[in-house]
$ cat coords.csv   # CSV, C-alpha atoms
chain,number,residue,atom,x,y,z
A,231,MET,CA,-23.1,36.8,-73.8
A,232,THR,CA,-26.1,34.8,-75.1
A,233,ASP,CA,-24.2,31.5,-74.5
A,234,VAL,CA,-23.5,32.4,-70.9
A,235,THR,CA,-27.0,33.4,-70.3
A,236,ASP,CA,-28.4,30.2,-71.9
A,237,ALA,CA,-26.0,28.2,-69.8
A,238,GLY,CA,-27.2,30.0,-66.7
A,239,ASN,CA,-30.8,29.4,-67.5
A,240,ARG,CA,-30.1,25.7,-68.1
A,241,ASP,CA,-28.6,25.6,-64.6
A,242,TYR,CA,-31.6,27.2,-63.0
A,243,THR,CA,-34.1,25.0,-64.9
A,244,ALA,CA,-32.2,21.8,-64.6
A,245,GLY,CA,-33.4,19.2,-62.1
A,246,GLN,CA,-31.3,17.7,-59.2
A,247,TRP,CA,-30.3,14.6,-61.2
A,248,GLN,CA,-29.3,16.7,-64.2
A,249,LEU,CA,-27.1,18.9,-62.1
A,250,ALA,CA,-25.5,15.9,-60.4
A,251,TRP,CA,-24.8,14.3,-63.8
A,252,ARG,CA,-23.1,17.5,-65.1
A,253,LYS,CA,-20.9,17.7,-62.1
A,254,PHE,CA,-20.1,14.0,-62.2
A,255,LYS,CA,-18.9,14.4,-65.8
A,256,GLN,CA,-16.4,17.0,-64.7
A,257,ASN,CA,-14.7,14.4,-62.5
A,258,LYS,CA,-12.5,12.7,-65.1
A,259,VAL,CA,-11.0,10.2,-62.7
A,260,ALA,CA,-14.4,9.0,-61.5
A,261,LEU,CA,-15.7,8.9,-65.1
A,262,GLY,CA,-12.7,6.8,-66.2
A,263,ALA,CA,-13.2,4.5,-63.2
A,264,GLY,CA,-16.8,4.0,-64.2
A,265,VAL,CA,-15.8,3.1,-67.7
A,266,VAL,CA,-13.2,0.6,-66.5
A,267,LEU,CA,-15.8,-1.1,-64.2
A,268,CYS,CA,-18.3,-1.3,-67.0
A,269,LEU,CA,-15.8,-3.0,-69.2
A,270,MET,CA,-14.9,-5.4,-66.4
A,271,TYR,CA,-18.5,-6.3,-65.8
A,272,LEU,CA,-19.0,-6.7,-69.6
A,273,VAL,CA,-16.1,-9.1,-69.8
A,274,THR,CA,-17.4,-10.9,-66.8
A,275,LEU,CA,-20.7,-11.3,-68.5
A,276,LEU,CA,-19.0,-12.8,-71.5
A,277,SER,CA,-16.3,-14.6,-69.6
A,278,GLY,CA,-17.0,-18.0,-71.2
A,279,PHE,CA,-16.6,-16.4,-74.6
A,280,VAL,CA,-13.5,-14.4,-73.8
A,281,ALA,CA,-11.7,-17.2,-71.8
A,282,PRO,CA,-9.9,-19.5,-74.2
A,283,TYR,CA,-10.5,-22.6,-71.9
A,284,GLU,CA,-12.9,-23.9,-69.3
A,285,PRO,CA,-11.8,-23.1,-65.7
A,286,ASP,CA,-11.1,-26.8,-65.0
A,287,ARG,CA,-9.3,-27.7,-68.2
A,288,ARG,CA,-6.0,-29.3,-67.3
A,289,PHE,CA,-2.8,-29.3,-69.3
A,290,SER,CA,-1.1,-32.1,-67.3
A,291,GLU,CA,2.3,-31.5,-69.0
A,292,ARG,CA,2.3,-27.8,-68.3
A,293,PRO,CA,2.1,-27.1,-64.6
A,294,PHE,CA,3.5,-23.7,-63.4
A,295,VAL,CA,4.0,-22.2,-66.8
A,296,PRO,CA,4.9,-18.5,-66.5
A,297,PRO,CA,2.8,-16.0,-68.4
A,298,GLN,CA,3.3,-16.2,-72.1
A,299,GLY,CA,3.7,-13.2,-74.4
A,300,ILE,CA,1.9,-12.6,-77.7
A,301,HIS,CA,4.3,-11.8,-80.5
A,302,LEU,CA,4.3,-10.3,-84.0
A,303,TRP,CA,8.0,-10.7,-84.7
A,304,SER,CA,10.2,-13.8,-84.9
A,305,GLU,CA,13.5,-14.8,-86.4
A,306,ARG,CA,11.6,-15.2,-89.7
A,307,GLY,CA,10.5,-11.6,-89.6
A,308,PHE,CA,7.1,-9.9,-89.2
A,309,HIS,CA,3.9,-12.0,-88.9
A,310,TRP,CA,0.5,-10.5,-89.7
A,311,ARG,CA,-1.2,-12.9,-87.3
A,312,PRO,CA,-0.2,-12.8,-83.6
A,313,PHE,CA,1.4,-16.0,-82.3
A,314,VAL,CA,2.8,-17.6,-79.2
A,315,TYR,CA,5.9,-19.7,-79.0
A,316,GLY,CA,6.0,-23.4,-78.0
A,317,LEU,CA,7.7,-24.5,-74.8
A,318,GLU,CA,10.5,-26.9,-74.1
A,319,VAL,CA,10.9,-28.5,-70.6
A,320,THR,CA,14.1,-28.7,-68.7
A,321,PHE,CA,14.9,-29.4,-65.0
A,322,ASP,CA,17.0,-27.5,-62.6
A,323,ASP,CA,20.0,-29.8,-61.6
A,324,LYS,CA,20.0,-28.6,-57.9
A,325,THR,CA,16.3,-28.4,-57.1
A,326,GLY,CA,14.7,-30.6,-59.8
A,327,ARG,CA,12.3,-27.8,-60.5
A,328,ARG,CA,10.6,-27.7,-63.9
A,329,ILE,CA,11.8,-24.9,-66.1
A,330,TYR,CA,10.2,-23.8,-69.4
A,331,VAL,CA,12.4,-22.6,-72.3
A,332,ARG,CA,11.0,-20.9,-75.3
A,333,ASP,CA,11.1,-23.1,-78.5
A,334,ASN,CA,11.9,-20.6,-81.3
A,335,THR,CA,11.1,-23.2,-83.9
A,336,ALA,CA,7.5,-23.8,-82.8
A,337,LEU,CA,5.1,-20.9,-83.6
A,338,TYR,CA,1.4,-21.2,-82.9
A,339,PRO,CA,-0.8,-18.4,-84.5
A,340,LEU,CA,-3.8,-17.1,-82.6
A,341,GLN,CA,-7.1,-18.1,-84.1
A,342,PHE,CA,-9.9,-15.6,-83.4
A,343,PHE,CA,-13.5,-16.8,-82.9
A,344,ALA,CA,-12.1,-20.3,-82.5
A,345,SER,CA,-14.1,-23.4,-81.5
A,346,GLY,CA,-13.4,-24.9,-78.1
A,347,GLY,CA,-15.0,-26.3,-75.0
A,348,ALA,CA,-18.7,-25.7,-74.4
A,349,HIS,CA,-19.7,-22.8,-72.1
A,350,GLY,CA,-22.8,-20.8,-71.3
A,351,MET,CA,-23.1,-17.3,-72.8
A,352,LEU,CA,-26.1,-15.1,-72.2
A,353,GLY,CA,-28.3,-18.2,-71.4
A,354,PHE,CA,-27.1,-20.1,-74.5
A,355,ASN,CA,-24.6,-23.0,-74.8
A,356,SER,CA,-21.8,-22.3,-77.2
A,357,ARG,CA,-18.4,-23.5,-78.2
A,358,LEU,CA,-17.2,-20.2,-79.7
A,359,HIS,CA,-14.3,-18.5,-78.0
A,360,LEU,CA,-12.8,-15.1,-78.7
A,361,PHE,CA,-9.3,-16.6,-79.4
A,362,GLY,CA,-7.4,-19.9,-79.2
A,363,VAL,CA,-4.5,-21.7,-80.8
A,364,ASP,CA,-4.3,-24.7,-83.1
A,365,ALA,CA,-1.6,-26.5,-81.2
A,366,PRO,CA,-0.7,-30.0,-79.9
A,367,GLU,CA,-2.6,-31.2,-76.8
A,368,ALA,CA,0.3,-30.2,-74.4
A,369,GLU,CA,0.5,-26.7,-75.8
A,370,GLY,CA,-1.8,-23.7,-75.4
A,371,VAL,CA,-2.0,-20.0,-74.9
A,372,PHE,CA,-1.4,-19.0,-71.3
A,373,LEU,CA,-1.5,-15.2,-71.0
A,374,PHE,CA,-1.3,-15.3,-67.1
A,375,GLY,CA,0.5,-18.7,-66.9
A,376,THR,CA,-0.9,-21.9,-65.3
A,377,ASP,CA,-1.3,-23.2,-61.8
A,378,ARG,CA,0.0,-26.4,-60.2
A,379,GLN,CA,-2.5,-28.5,-62.0
A,380,GLY,CA,-1.8,-27.0,-65.4
A,381,ARG,CA,-5.0,-24.9,-65.5
A,382,ASP,CA,-5.0,-21.6,-67.5
A,383,LEU,CA,-5.0,-18.8,-64.9
A,384,PHE,CA,-6.3,-16.2,-67.4
A,385,SER,CA,-9.5,-18.3,-67.9
A,386,ARG,CA,-9.8,-19.0,-64.2
A,387,VAL,CA,-9.5,-15.2,-63.4
A,388,LEU,CA,-12.3,-14.4,-65.8
A,389,TYR,CA,-14.6,-17.2,-64.4
A,390,GLY,CA,-13.7,-16.2,-60.8
A,391,ALA,CA,-14.8,-12.7,-61.6
A,392,ARG,CA,-18.4,-14.0,-62.0
A,393,VAL,CA,-18.5,-14.7,-58.3
A,394,SER,CA,-16.3,-12.0,-56.9
A,395,LEU,CA,-17.9,-9.2,-58.8
A,396,THR,CA,-21.5,-10.3,-58.7
A,397,ILE,CA,-21.4,-11.1,-55.0
A,398,GLY,CA,-20.7,-7.4,-54.4
A,399,LEU,CA,-23.7,-6.3,-56.4
A,400,VAL,CA,-26.1,-8.9,-54.9
A,401,GLY,CA,-24.8,-8.4,-51.4
A,402,VAL,CA,-25.0,-4.6,-51.6
A,403,PHE,CA,-28.5,-4.7,-53.1
A,404,ILE,CA,-29.7,-6.7,-50.1
A,405,SER,CA,-27.8,-4.5,-47.7
A,406,VAL,CA,-29.1,-1.3,-49.3
A,407,LEU,CA,-32.7,-2.6,-49.2
A,408,LEU,CA,-32.4,-3.5,-45.5
A,409,GLY,CA,-30.3,-0.4,-44.5
A,410,THR,CA,-32.5,2.1,-46.3
A,411,VAL,CA,-35.9,0.9,-45.0
A,412,LEU,CA,-34.7,0.3,-41.5
A,413,GLY,CA,-32.7,3.5,-41.4
A,414,VAL,CA,-35.6,5.6,-42.6
A,415,VAL,CA,-38.1,3.9,-40.3
A,416,SER,CA,-35.7,4.5,-37.4
A,417,GLY,CA,-35.2,8.2,-38.1
A,418,TYR,CA,-38.8,8.9,-39.0
A,419,LEU,CA,-40.7,7.1,-36.3
A,420,GLY,CA,-38.3,7.6,-33.4
A,421,GLY,CA,-39.4,6.3,-30.0
A,422,TRP,CA,-39.2,2.6,-29.2
A,423,ALA,CA,-38.7,1.6,-32.9
A,424,ASP,CA,-35.6,3.9,-33.1
A,425,GLU,CA,-34.2,2.5,-29.8
A,426,LEU,CA,-34.7,-1.1,-30.8
A,427,LEU,CA,-33.1,-0.7,-34.2
A,428,GLN,CA,-30.1,1.4,-32.8
A,429,ARG,CA,-29.4,-1.1,-30.0
A,430,THR,CA,-29.6,-4.0,-32.6
A,431,ILE,CA,-27.1,-2.1,-34.8
A,432,GLU,CA,-24.8,-1.5,-31.8
A,433,ILE,CA,-24.9,-5.2,-30.9
A,434,LEU,CA,-24.0,-6.3,-34.4
A,435,ARG,CA,-21.2,-3.7,-34.7
A,436,ALA,CA,-19.8,-4.7,-31.3
A,437,PHE,CA,-18.6,-8.1,-32.6
A,438,PRO,CA,-15.2,-8.2,-34.3
A,439,GLN,CA,-16.0,-8.4,-38.0
A,440,ILE,CA,-13.6,-11.0,-39.3
A,441,PRO,CA,-14.1,-13.5,-36.5
A,442,LEU,CA,-17.9,-13.1,-36.9
A,443,TRP,CA,-17.7,-13.7,-40.6
A,444,MET,CA,-15.6,-16.8,-40.0
A,445,ALA,CA,-18.0,-18.1,-37.4
A,446,LEU,CA,-21.1,-17.7,-39.6
A,447,SER,CA,-19.3,-19.0,-42.7
A,448,ALA,CA,-18.1,-22.1,-40.9
A,449,ALA,CA,-21.7,-22.9,-40.1
A,450,ILE,CA,-22.3,-23.6,-43.8
A,451,PRO,CA,-22.0,-27.4,-44.3
A,452,ALA,CA,-19.0,-28.4,-46.5
A,453,ASP,CA,-21.2,-30.7,-48.6
A,454,VAL,CA,-23.7,-28.1,-49.9
A,455,ASP,CA,-23.9,-27.5,-53.6
A,456,GLN,CA,-22.1,-24.5,-55.1
A,457,LEU,CA,-25.2,-22.4,-55.7
A,458,THR,CA,-26.3,-22.7,-52.1
A,459,ALA,CA,-22.8,-21.9,-50.8
A,460,TYR,CA,-22.8,-18.8,-53.0
A,461,PHE,CA,-26.1,-17.4,-51.8
A,462,SER,CA,-25.3,-18.3,-48.2
A,463,ILE,CA,-22.1,-16.2,-48.3
A,464,THR,CA,-24.0,-13.4,-50.0
A,465,LEU,CA,-26.7,-13.4,-47.2
A,466,ILE,CA,-24.0,-13.5,-44.5
A,467,LEU,CA,-22.2,-10.5,-45.9
A,468,SER,CA,-25.5,-8.6,-46.5
A,469,PHE,CA,-26.8,-9.4,-43.0
A,470,LEU,CA,-23.6,-7.8,-41.5
A,471,GLY,CA,-23.3,-5.0,-44.0
A,472,TRP,CA,-26.5,-3.0,-43.6
A,473,THR,CA,-25.8,-1.4,-40.3
A,474,THR,CA,-23.5,1.4,-41.5
A,475,LEU,CA,-26.0,2.4,-44.2
A,476,ALA,CA,-28.9,2.3,-41.8
A,477,ARG,CA,-27.1,4.6,-39.3
A,478,MET,CA,-26.1,7.1,-41.9
A,479,VAL,CA,-29.6,7.2,-43.5
A,480,ARG,CA,-31.1,7.6,-40.1
A,481,GLY,CA,-29.0,10.8,-39.5
A,482,LYS,CA,-30.1,12.2,-42.8
A,483,VAL,CA,-33.8,11.5,-42.1
A,484,LEU,CA,-33.6,13.1,-38.7
A,485,SER,CA,-32.8,16.4,-40.5
A,486,LEU,CA,-35.3,15.9,-43.3
A,487,ARG,CA,-38.4,14.9,-41.2
A,488,THR,CA,-38.8,18.5,-40.1
A,489,GLU,CA,-38.7,20.0,-43.6
A,490,GLU,CA,-41.7,21.8,-44.8
A,491,TYR,CA,-42.6,19.4,-47.6
A,492,ILE,CA,-42.7,16.5,-45.1
A,493,LEU,CA,-44.8,18.5,-42.7
A,494,ALA,CA,-47.1,19.5,-45.6
A,495,ALA,CA,-47.5,15.9,-46.6
A,496,GLN,CA,-48.4,14.9,-43.0
A,497,LEU,CA,-51.0,17.7,-42.8
A,498,MET,CA,-52.6,16.6,-46.0
A,499,GLY,CA,-53.3,13.2,-44.4
A,500,ALA,CA,-50.4,11.2,-45.9
A,501,GLY,CA,-49.7,8.0,-44.0
A,502,HIS,CA,-46.4,6.9,-42.7
A,503,ALA,CA,-45.7,4.5,-45.6
A,504,ARG,CA,-46.4,7.3,-48.2
A,505,VAL,CA,-44.2,9.8,-46.4
A,506,ILE,CA,-41.4,7.2,-46.2
A,507,PHE,CA,-41.5,5.8,-49.7
A,508,ARG,CA,-42.7,8.9,-51.5
A,509,HIS,CA,-40.7,11.6,-49.9
A,510,LEU,CA,-38.0,10.5,-47.4
A,511,ILE,CA,-36.3,7.7,-49.5
A,512,PRO,CA,-36.1,9.9,-52.6
A,513,GLY,CA,-34.6,12.6,-50.4
A,514,VAL,CA,-31.7,10.4,-49.3
A,515,MET,CA,-31.3,8.5,-52.6
A,516,GLY,CA,-28.1,10.4,-53.5
A,517,GLN,CA,-26.5,9.5,-50.2
A,518,ILE,CA,-27.7,5.9,-50.6
A,519,ILE,CA,-26.0,5.6,-54.0
A,520,VAL,CA,-22.7,7.0,-52.6
A,521,ILE,CA,-22.7,4.5,-49.7
A,522,ALA,CA,-23.7,1.6,-51.9
A,523,THR,CA,-20.9,2.4,-54.3
A,524,ILE,CA,-18.3,2.4,-51.5
A,525,ALA,CA,-19.8,-0.7,-49.9
A,526,ILE,CA,-19.4,-2.9,-53.0
A,527,PRO,CA,-15.6,-3.2,-52.7
A,528,THR,CA,-16.0,-4.0,-49.0
A,529,MET,CA,-18.2,-7.0,-50.1
A,530,ILE,CA,-15.7,-8.1,-52.6
A,531,LEU,CA,-12.8,-7.9,-50.1
A,532,ALA,CA,-14.9,-9.8,-47.5
A,533,GLU,CA,-15.7,-12.6,-50.0
A,534,SER,CA,-12.0,-12.8,-51.1
A,535,SER,CA,-10.9,-12.9,-47.5
A,536,LEU,CA,-13.3,-15.6,-46.5
A,537,SER,CA,-12.5,-17.7,-49.6
A,538,PHE,CA,-8.8,-17.2,-49.1
A,539,LEU,CA,-9.2,-18.7,-45.6
A,540,ASN,CA,-11.3,-21.5,-47.1
A,541,LEU,CA,-14.4,-20.3,-45.3
A,542,GLY,CA,-16.2,-18.8,-48.2
A,543,ILE,CA,-16.5,-20.0,-51.7
A,544,ARG,CA,-14.9,-23.5,-52.0
A,545,PRO,CA,-13.5,-25.4,-55.0
A,546,PRO,CA,-14.6,-26.5,-57.5
A,547,MET,CA,-16.4,-23.2,-57.6
A,548,THR,CA,-13.9,-20.4,-58.5
A,549,SER,CA,-13.6,-16.9,-57.2
A,550,TRP,CA,-10.6,-14.5,-56.8
A,551,GLY,CA,-10.3,-15.5,-53.2
A,552,VAL,CA,-10.2,-19.2,-54.1
A,553,LEU,CA,-7.5,-18.5,-56.7
A,554,LEU,CA,-5.4,-16.6,-54.1
A,555,GLN,CA,-5.2,-19.7,-51.9
A,556,GLU,CA,-2.3,-20.7,-54.1
A,557,GLY,CA,-0.4,-17.7,-52.8
A,558,ARG,CA,-0.3,-18.8,-49.2
A,559,SER,CA,3.0,-20.7,-49.6
A,560,LEU,CA,6.5,-19.2,-49.7
A,561,THR,CA,7.2,-21.3,-52.7
A,562,THR,CA,4.6,-19.5,-54.7
A,563,LEU,CA,5.9,-16.1,-53.6
A,564,TYR,CA,9.4,-17.0,-54.6
A,565,PHE,CA,9.0,-19.1,-57.8
A,566,HIS,CA,5.4,-18.6,-59.1
A,567,GLN,CA,4.5,-14.9,-58.5
A,568,TRP,CA,2.0,-14.9,-61.3
A,569,LEU,CA,-0.4,-17.0,-59.2
A,570,LEU,CA,-1.0,-13.7,-57.3
A,571,MET,CA,-2.5,-12.1,-60.4
A,572,PRO,CA,-6.1,-12.1,-58.9
A,573,ALA,CA,-4.8,-9.7,-56.2
A,574,ILE,CA,-4.1,-7.2,-59.0
A,575,PHE,CA,-7.7,-7.4,-60.2
A,576,ILE,CA,-9.1,-7.1,-56.6
A,577,PHE,CA,-6.9,-4.0,-56.1
A,578,LEU,CA,-8.0,-2.5,-59.4
A,579,VAL,CA,-11.7,-3.1,-58.8
A,580,VAL,CA,-11.6,-1.7,-55.2
A,581,LEU,CA,-9.7,1.4,-56.4
A,582,CYS,CA,-12.1,2.1,-59.2
A,583,PHE,CA,-15.1,1.7,-56.9
A,584,ASN,CA,-13.5,4.1,-54.4
A,585,PHE,CA,-12.9,6.7,-57.2
A,586,LEU,CA,-16.4,6.2,-58.5
A,587,GLY,CA,-17.8,6.7,-54.9
A,588,ASP,CA,-15.8,9.9,-54.5
A,589,GLY,CA,-17.3,11.2,-57.8
A,590,PHE,CA,-20.9,10.3,-56.7
A,591,ARG,CA,-20.3,11.9,-53.3
A,592,ASP,CA,-19.3,15.2,-55.0
A,593,ALA,CA,-22.1,15.0,-57.5
A,594,ALA,CA,-24.7,14.3,-54.8
A,595,ASP,CA,-24.1,18.0,-53.7
A,596,PRO,CA,-24.0,19.7,-57.1
A,597,TYR,CA,-24.1,23.2,-55.6
A,598,SER,CA,-20.8,22.9,-53.7
A,599,GLU,CA,-17.6,24.1,-55.2
$ encode --input "coords.csv" --output "structure tokens"
Amino acid sequence: MTDVTDAGNRDYTAGQWQLAWRKFKQNKVALGAGVVLCLMYLVTLLSGFVAPYEPDRRFSERPFVPPQGIHLWSERGFHWRPFVYGLEVTFDDKTGRRIYVRDNTALYPLQFFASGGAHGMLGFNSRLHLFGVDAPEAEGVFLFGTDRQGRDLFSRVLYGARVSLTIGLVGVFISVLLGTVLGVVSGYLGGWADELLQRTIEILRAFPQIPLWMALSAAIPADVDQLTAYFSITLILSFLGWTTLARMVRGKVLSLRTEEYILAAQLMGAGHARVIFRHLIPGVMGQIIVIATIAIPTMILAESSLSFLNLGIRPPMTSWGVLLQEGRSLTTLYFHQWLLMPAIFIFLVVLCFNFLGDGFRDAADPYSE
């Protein structure tokens, strides 16, 4: 009885965020999705270390290698160190297509914390990689296979995640900043400010989204440097992504501005800026977090779509959308399906963010059943 009473007292004395966290922990799917996303962002942060090769490293004699497996058993028995097999090249008599056959006599053990090409890691230059193989120049370890130029797809997926995952965070941060401030101002002030902002939102939402993205992205010069192109795409996506958040925040503020604590602050002489930033924005913060979580996968899909159409991030810069450009041909779909591997990661990230958003949405109302 004492434990039940203590638990009840903790519920009564707990703050809003404590109750929300307790309810969020009960959603195992959302919690698992959050763990998966944290791991993916950690690997992205250390992509240069985890990837065995640089994204533009070419194995000229190994184009279109299918994904290689890592083995512990061979004809010689069990091996304590994991290894990959070497490859022999043959050609199809009818089509002339290159075919790779496993060479059971050539075993290349994995070397952990191996030295390789230089890369940036947490602001430092390093040649240390998580794993690699001591093999001839033509051989390597290709967990996801290689593309038409013989570049390791596993390494390119990790480097591409730097752009595809961070553009979602940066873009949503800008969108949340715009949408929150403008939505609160619109709902709190009303009058001509509300009319102006709502008509602006309606004009922006009236344009077909994908053609508008394409038109604005095509305005970026093709000869700009990679960093400028990255931030240009981010600004375009942010400029078009704040409208939904602003409208939803406005609806919440319309119900909050008549609450007693808002009226009390106004009667005590609080200015508009203090009421907005001290009382209204914290009051809608839970809803903002939910919307932002759901908006991140939208940003990722938008960047991938634009890059797939060659209107977003362009080579030599790498993103998941750029990597999917290889999948536009029927030859790839029939013979080289592993080149669509980035689509699996896009699907996984979007799914995890949606699960996480559902968990945040339930936790934002901790008193509901």
$ residues_around --input "coords.csv" --residues "stretch 377-392 of chain A" --least-positions-apart "4" --cutoff "8 Å" --atoms "all atoms listed in the file" --output "PyMOL selection string"
chain A and resi 273-275+277-278+281-295+372-373+396+548-550+553+569+572
$ write_last_selection --input "coords.csv" --atoms "C-alpha atoms" --output "compact mmCIF listing (two decimals), in the coordinates of the input"
# COMPACT_ATOMS: atom_id res chain seq x y z
CA VAL A 273 -16.10 -9.10 -69.80
CA THR A 274 -17.40 -10.90 -66.80
CA LEU A 275 -20.70 -11.30 -68.50
CA SER A 277 -16.30 -14.60 -69.60
CA GLY A 278 -17.00 -18.00 -71.20
CA ALA A 281 -11.70 -17.20 -71.80
CA PRO A 282 -9.90 -19.50 -74.20
CA TYR A 283 -10.50 -22.60 -71.90
CA GLU A 284 -12.90 -23.90 -69.30
CA PRO A 285 -11.80 -23.10 -65.70
CA ASP A 286 -11.10 -26.80 -65.00
CA ARG A 287 -9.30 -27.70 -68.20
CA ARG A 288 -6.00 -29.30 -67.30
CA PHE A 289 -2.80 -29.30 -69.30
CA SER A 290 -1.10 -32.10 -67.30
CA GLU A 291 2.30 -31.50 -69.00
CA ARG A 292 2.30 -27.80 -68.30
CA PRO A 293 2.10 -27.10 -64.60
CA PHE A 294 3.50 -23.70 -63.40
CA VAL A 295 4.00 -22.20 -66.80
CA PHE A 372 -1.40 -19.00 -71.30
CA LEU A 373 -1.50 -15.20 -71.00
CA THR A 396 -21.50 -10.30 -58.70
CA THR A 548 -13.90 -20.40 -58.50
CA SER A 549 -13.60 -16.90 -57.20
CA TRP A 550 -10.60 -14.50 -56.80
CA LEU A 553 -7.50 -18.50 -56.70
CA LEU A 569 -0.40 -17.00 -59.20
CA PRO A 572 -6.10 -12.10 -58.90
$ atom_distance --input "coords.csv" --atom1 "atom CA of A:Asp424" --atom2 "atom CA of A:Leu407"
17.6 Å
$ closest_residue --input "coords.csv" --among "A:Val483, A:Met444, A:Leu267, A:Leu272" --to "A:Ile511" --atoms "all atoms listed in the file"
A:Val483
$ atom_distance --input "coords.csv" --atom1 "atom CA of A:Gln567" --atom2 "atom CA of A:Val363"
25.0 Å
$ closest_residue --input "coords.csv" --among "A:Pro441, A:Gly307, A:Gly557, A:Gly316" --to "A:Glu369" --atoms "only C-alpha atoms"
A:Gly316
$ closest_residue --input "coords.csv" --among "A:Val400, A:Val414, A:Leu484, A:Val514" --to "A:Ile526" --atoms "only C-alpha atoms"
A:Val400
$ residues_near_point --input "coords.csv" --point "(-4.2, -19.8, -81.9)" --cutoff "6 Å" --atoms "all atoms listed in the file" --output "JSON list (two decimals) with C-alpha atoms, in the frame of the given file"
[["chain", "number", "residue", "atom", "x", "y", "z"],
["A", 338, "TYR", "CA", 1.40, -21.20, -82.90],
["A", 339, "PRO", "CA", -0.80, -18.40, -84.50],
["A", 340, "LEU", "CA", -3.80, -17.10, -82.60],
["A", 341, "GLN", "CA", -7.10, -18.10, -84.10],
["A", 362, "GLY", "CA", -7.40, -19.90, -79.20],
["A", 363, "VAL", "CA", -4.50, -21.70, -80.80],
["A", 364, "ASP", "CA", -4.30, -24.70, -83.10]]
$ residues_around --input "coords.csv" --residues "stretch 527-533 of chain A" --least-positions-apart "3" --cutoff "6 Å" --atoms "only C-alpha atoms" --output "list in words"
Ser394, Gly398, Leu536 and Val580 of chain A
$ atom_distance --input "coords.csv" --atom1 "atom CA of A:Gly481" --atom2 "atom CA of A:Leu586"
23.3 Å
$ residues_around --input "coords.csv" --residues "A:Gly346" --least-positions-apart "3" --cutoff "7 Å" --atoms "only C-alpha atoms" --output "PyMOL selection string"
chain A and resi 357-359
$ closest_residue --input "coords.csv" --among "A:Val411, A:Thr320, A:Ile404, A:Ile397" --to "A:Ile463" --atoms "all atoms listed in the file"
A:Ile397
$ residues_around --input "coords.csv" --residues "stretch 523-525 of chain A" --least-positions-apart "6" --cutoff "12 Å" --atoms "all atoms listed in the file" --output "ChimeraX atom specification"
/A:260,263-264,267,397-406,409,467-468,470-475,516-517,531-532,579-591
$ residues_near_point --input "coords.csv" --point "(3.7, -18.3, -75.7)" --cutoff "10 Å" --atoms "all atoms listed in the file" --output "MDAnalysis selection string"
chainID A and resid 295:301 313:317 332:333 336:339 369:373 375
$ closest_residue --input "coords.csv" --among "A:Ile518, A:Thr376, A:Glu305, A:Val259" --to "A:Glu556" --atoms "only C-alpha atoms"
A:Thr376
$ closest_residue --input "coords.csv" --among "A:Asp592, A:Pro451, A:Leu395, A:Ala500" --to "A:Leu249" --atoms "only C-alpha atoms"
A:Asp592
$ closest_atom_pairs --input "coords.csv" --of "stretch 414-450 of chain A" --to "stretch 540-545 of chain A" --cutoff "12 Å" --atoms "only C-alpha atoms" --output "JSON lines"
{"residue": "A:Ile440", "atom": "CA", "partner": "A:Leu541", "partner_atom": "CA", "distance": 11.1}
{"residue": "A:Pro441", "atom": "CA", "partner": "A:Leu541", "partner_atom": "CA", "distance": 11.1}
{"residue": "A:Leu442", "atom": "CA", "partner": "A:Leu541", "partner_atom": "CA", "distance": 11.6}
{"residue": "A:Trp443", "atom": "CA", "partner": "A:Leu541", "partner_atom": "CA", "distance": 8.7}
{"residue": "A:Met444", "atom": "CA", "partner": "A:Leu541", "partner_atom": "CA", "distance": 6.5}
{"residue": "A:Ala445", "atom": "CA", "partner": "A:Leu541", "partner_atom": "CA", "distance": 9.0}
{"residue": "A:Leu446", "atom": "CA", "partner": "A:Leu541", "partner_atom": "CA", "distance": 9.2}
{"residue": "A:Ser447", "atom": "CA", "partner": "A:Leu541", "partner_atom": "CA", "distance": 5.7}
{"residue": "A:Ala448", "atom": "CA", "partner": "A:Leu541", "partner_atom": "CA", "distance": 6.0}
{"residue": "A:Ala449", "atom": "CA", "partner": "A:Leu541", "partner_atom": "CA", "distance": 9.3}
{"residue": "A:Ile450", "atom": "CA", "partner": "A:Leu541", "partner_atom": "CA", "distance": 8.7}
